[in-house]
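A.B. asks: entry-v4.txt is reproduced in full below (compact mmCIF, C-alpha atoms).
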# COMPACT_ATOMS: atom_id res chain seq x y z
CA MET A 1 -18.79 -19.11 6.77
CA THR A 2 -16.09 -21.32 8.16
CA ASP A 3 -14.83 -24.72 7.14
CA LYS A 4 -12.49 -26.29 9.73
CA GLY A 5 -11.30 -22.87 10.86
CA LEU A 6 -10.97 -21.36 7.40
CA PHE A 7 -13.11 -18.46 6.29
CA TYR A 8 -14.84 -18.75 2.94
CA GLU A 9 -17.75 -17.29 1.07
CA GLU A 10 -19.76 -18.71 -1.77
CA MET A 11 -19.77 -16.61 -4.89
CA GLU A 12 -20.12 -16.92 -8.64
CA ILE A 13 -16.93 -16.34 -10.61
CA SER A 14 -16.48 -16.43 -14.37
CA THR A 15 -14.29 -19.30 -15.49
CA ALA A 16 -12.27 -16.66 -17.37
CA ASP A 17 -11.18 -15.27 -13.98
CA LEU A 18 -10.15 -18.60 -12.45
CA ARG A 19 -6.47 -19.53 -12.48
CA VAL A 20 -5.14 -23.06 -12.08
CA PRO A 21 -1.62 -22.98 -10.58
CA HIS A 22 -0.05 -25.87 -12.52
CA ALA A 23 3.47 -24.52 -11.96
CA SER A 24 3.01 -24.49 -8.18
CA TYR A 25 1.13 -27.63 -7.23
CA GLN A 26 -1.82 -28.62 -9.46
CA ARG A 27 -1.51 -31.73 -11.56
CA SER A 28 -2.04 -31.54 -15.31
CA LEU A 29 -5.57 -31.47 -16.63
CA SER A 30 -6.76 -34.89 -17.80
CA VAL A 31 -8.86 -34.43 -20.93
CA ALA A 32 -10.27 -37.97 -20.56
CA ARG A 33 -11.39 -37.19 -17.00
CA VAL A 34 -12.96 -33.89 -18.11
CA ARG A 35 -14.92 -35.69 -20.85
CA ARG A 36 -16.09 -38.38 -18.40
CA ILE A 37 -17.27 -35.75 -15.90
CA ALA A 38 -18.98 -33.71 -18.64
CA GLN A 39 -20.77 -36.76 -20.01
CA ASN A 40 -22.26 -37.65 -16.61
CA PHE A 41 -22.52 -34.14 -15.18
CA ASP A 42 -25.38 -33.41 -12.79
CA GLU A 43 -25.43 -29.91 -11.29
CA ARG A 44 -27.54 -31.13 -8.36
CA ILE A 45 -24.68 -33.21 -7.00
CA ALA A 46 -21.64 -31.33 -8.31
CA ASN A 47 -19.24 -30.01 -5.69
CA LYS A 48 -18.46 -26.31 -5.73
CA PRO A 49 -14.86 -25.71 -6.79
CA LYS A 50 -12.62 -24.48 -3.98
CA VAL A 51 -10.76 -21.30 -4.79
CA SER A 52 -8.17 -19.29 -2.89
CA CYS A 53 -8.31 -15.51 -3.18
CA ARG A 54 -4.72 -14.23 -3.08
CA ASP A 55 -3.53 -10.83 -4.25
CA GLY A 56 -6.96 -10.14 -5.76
CA LYS A 57 -6.80 -13.22 -8.02
CA PHE A 58 -8.71 -16.52 -7.78
CA TYR A 59 -6.64 -19.74 -7.71
CA VAL A 60 -8.40 -23.11 -8.04
CA PHE A 61 -7.04 -25.64 -5.56
CA ASP A 62 -9.86 -28.17 -5.88
CA GLY A 63 -12.19 -28.60 -8.85
CA GLN A 64 -10.20 -27.84 -11.99
CA HIS A 65 -11.66 -30.88 -13.80
CA THR A 66 -15.22 -29.96 -12.82
CA ILE A 67 -14.68 -26.40 -14.06
CA ALA A 68 -13.28 -27.68 -17.37
CA ALA A 69 -16.25 -30.09 -17.69
CA ARG A 70 -18.69 -27.22 -17.18
CA ARG A 71 -16.91 -25.24 -19.91
CA LEU A 72 -16.99 -28.26 -22.21
CA ARG A 73 -20.74 -28.60 -21.69
CA ASN A 74 -21.01 -24.87 -22.51
CA ASN A 75 -19.39 -25.34 -25.95
CA GLY A 76 -15.98 -24.29 -24.60
CA GLU A 77 -17.25 -20.86 -23.59
CA ASP A 78 -16.60 -19.23 -20.23
CA LEU A 79 -19.50 -19.17 -17.78
CA PRO A 80 -20.18 -18.17 -14.17
CA VAL A 81 -19.52 -20.96 -11.65
CA ALA A 82 -20.56 -21.04 -7.99
CA CYS A 83 -17.34 -21.45 -5.96
CA LYS A 84 -16.25 -21.62 -2.35
CA VAL A 85 -13.75 -18.79 -2.08
CA TYR A 86 -11.27 -19.10 0.79
CA TYR A 87 -9.26 -16.22 2.20
CA GLY A 88 -5.94 -16.18 4.02
CA LEU A 89 -4.43 -19.28 2.42
CA THR A 90 -0.83 -19.44 1.28
CA VAL A 91 0.48 -21.32 -1.75
CA GLN A 92 1.88 -23.89 0.70
CA THR A 93 -1.50 -24.38 2.40
CA GLU A 94 -3.23 -24.77 -0.96
CA ALA A 95 -0.62 -27.33 -2.05
CA ALA A 96 -1.01 -29.31 1.20
CA THR A 97 -4.79 -29.34 0.70
CA VAL A 98 -4.37 -30.70 -2.84
CA ARG A 99 -2.02 -33.46 -1.59
CA ILE A 100 -4.50 -34.50 1.12
CA HIS A 101 -7.38 -34.45 -1.37
CA ASP A 102 -5.44 -36.51 -3.91
CA GLU A 103 -4.37 -39.02 -1.29
CA PHE A 104 -7.88 -39.71 -0.02
CA PHE A 105 -10.33 -38.81 -2.77
CA VAL A 106 -8.82 -39.36 -6.21
CA GLY A 107 -9.21 -42.75 -7.86
CA THR A 108 -11.84 -45.39 -8.23
CA PHE A 109 -14.02 -46.41 -5.32
CA GLN A 110 -12.07 -49.68 -5.05
CA GLU A 111 -8.76 -47.78 -4.91
CA LYS A 112 -10.13 -45.55 -2.16
CA LEU A 113 -11.27 -48.57 -0.13
CA GLU A 114 -7.89 -50.23 -0.55
CA HIS A 115 -6.11 -47.03 0.51
CA ILE A 116 -8.28 -46.61 3.61
CA SER A 117 -7.82 -50.30 4.44
CA GLN A 118 -4.05 -49.87 4.19
CA ILE A 119 -4.13 -46.85 6.52
CA ILE A 120 -6.17 -48.81 9.09
CA THR A 121 -3.87 -51.83 8.80
CA ASN A 122 -0.76 -49.68 9.26
CA SER A 123 -2.33 -47.92 12.23
CA TYR A 124 -3.20 -51.27 13.82
CA LYS A 125 0.36 -52.56 13.26
CA ARG A 126 1.84 -49.41 14.84
CA LYS A 127 -0.46 -49.74 17.85
CA ASN A 128 0.51 -53.38 18.38
CA THR A 129 4.22 -52.57 17.96
CA GLU A 130 3.91 -49.86 20.63
CA LYS A 131 2.18 -52.32 23.00
CA GLU A 132 5.02 -54.82 22.53
CA LYS A 133 7.59 -52.14 23.38
CA THR A 134 5.74 -51.10 26.56
CA PRO A 135 7.14 -52.97 29.60
CA LYS A 136 4.61 -55.20 31.32
CA GLN A 137 3.77 -54.30 34.86
CA GLU A 138 3.42 -57.06 37.40
Let me see whether you can do it: turn the structure in this file into C-alpha cells.
C.D. replies:
Amino acid sequence: MTDKGLFYEEMEISTADLRVPHASYQRSLSVARVRRIAQNFDERIANKPKVSCRDGKFYVFDGQHTIAARRLRNNGEDLPVACKVYYGLTVQTEAATVRIHDEFFVGTFQEKLEHISQIITNSYKRKNTEKEKTPKQE
C-alpha cells in the first residue's frame, strides 16, 4: 500500500519488538496521557501506530502513547499490535513527520482550532502584503 508516496504494509508486531527513538526525535512518554488514553480506549477507533522498518528493527514514529496504553490495559504485558510499517524512511524523515504531527495534531481541540486559525490568518496577511507590493497596472 502507499500513503502519500510512501510504501507501507499493515502487520502485527509485538510491543516487545517496538523501539521508541527518544534520543533521536521522540518526546518523552507522558504517563498521564497514557492513563487517559487507556481509560477511554476503544479499539474500533484507535489509530494504528506508524512504524519505520530500518536495519531490520521497528521504530515507532507515531503512536508511542497508544502502544503504552494498550500495554497498560494488558496489565503491563507485551502484546501484538496492528501497525502500519513504512519502508525506506530515514531518521530525518521520521523526525520531520513527528514535528508535522505534533504541530497539527497534538493538543486539545481548542488548541488545534486556534493553531489552524493562526495559520490561516498568517497566510491571509502574507497574501495581502504581496498584493500591496505588486505594482498596480493602469
A.B. asks: Atom CA of A:Cys53 and atom CA of A:Glu94 are how many Å apart?
C.D. replies: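 Calculated distance between atom CA of A:Cys53 and atom CA of A:Glu94 is 10.8 Å.
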A.B. asks: How many Å lie between atom CA of A:Thr66 and atom CA of A:Leu29, rounded to one decimal?
C.D. replies: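 If I compute the distance from atom CA of A:Thr66 to atom CA of A:Leu29, I get 10.5 Å.
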A.B. asks: Could you check how far atom CA of A:Gln92 sits from atom CA of A:Arg126, in Å to one decimal?
C.D. replies: 29.2 Å
A.B. asks: For each of A:Ala96, A:Val60, A:Val91, A:Ala68, take the minimum atom-to-atom distance to A:Ser24, counting all atoms listed in the file, then give the residue where this is smallest.
C.D. replies: A:Val91
A.B. asks: Name the closest residue to A:Ser30 among the candidates A:Arg54, A:Ala95, A:Asp78, A:His65; distances are taken between atoms, counting only C-alpha atoms.
C.D. replies: A:His65
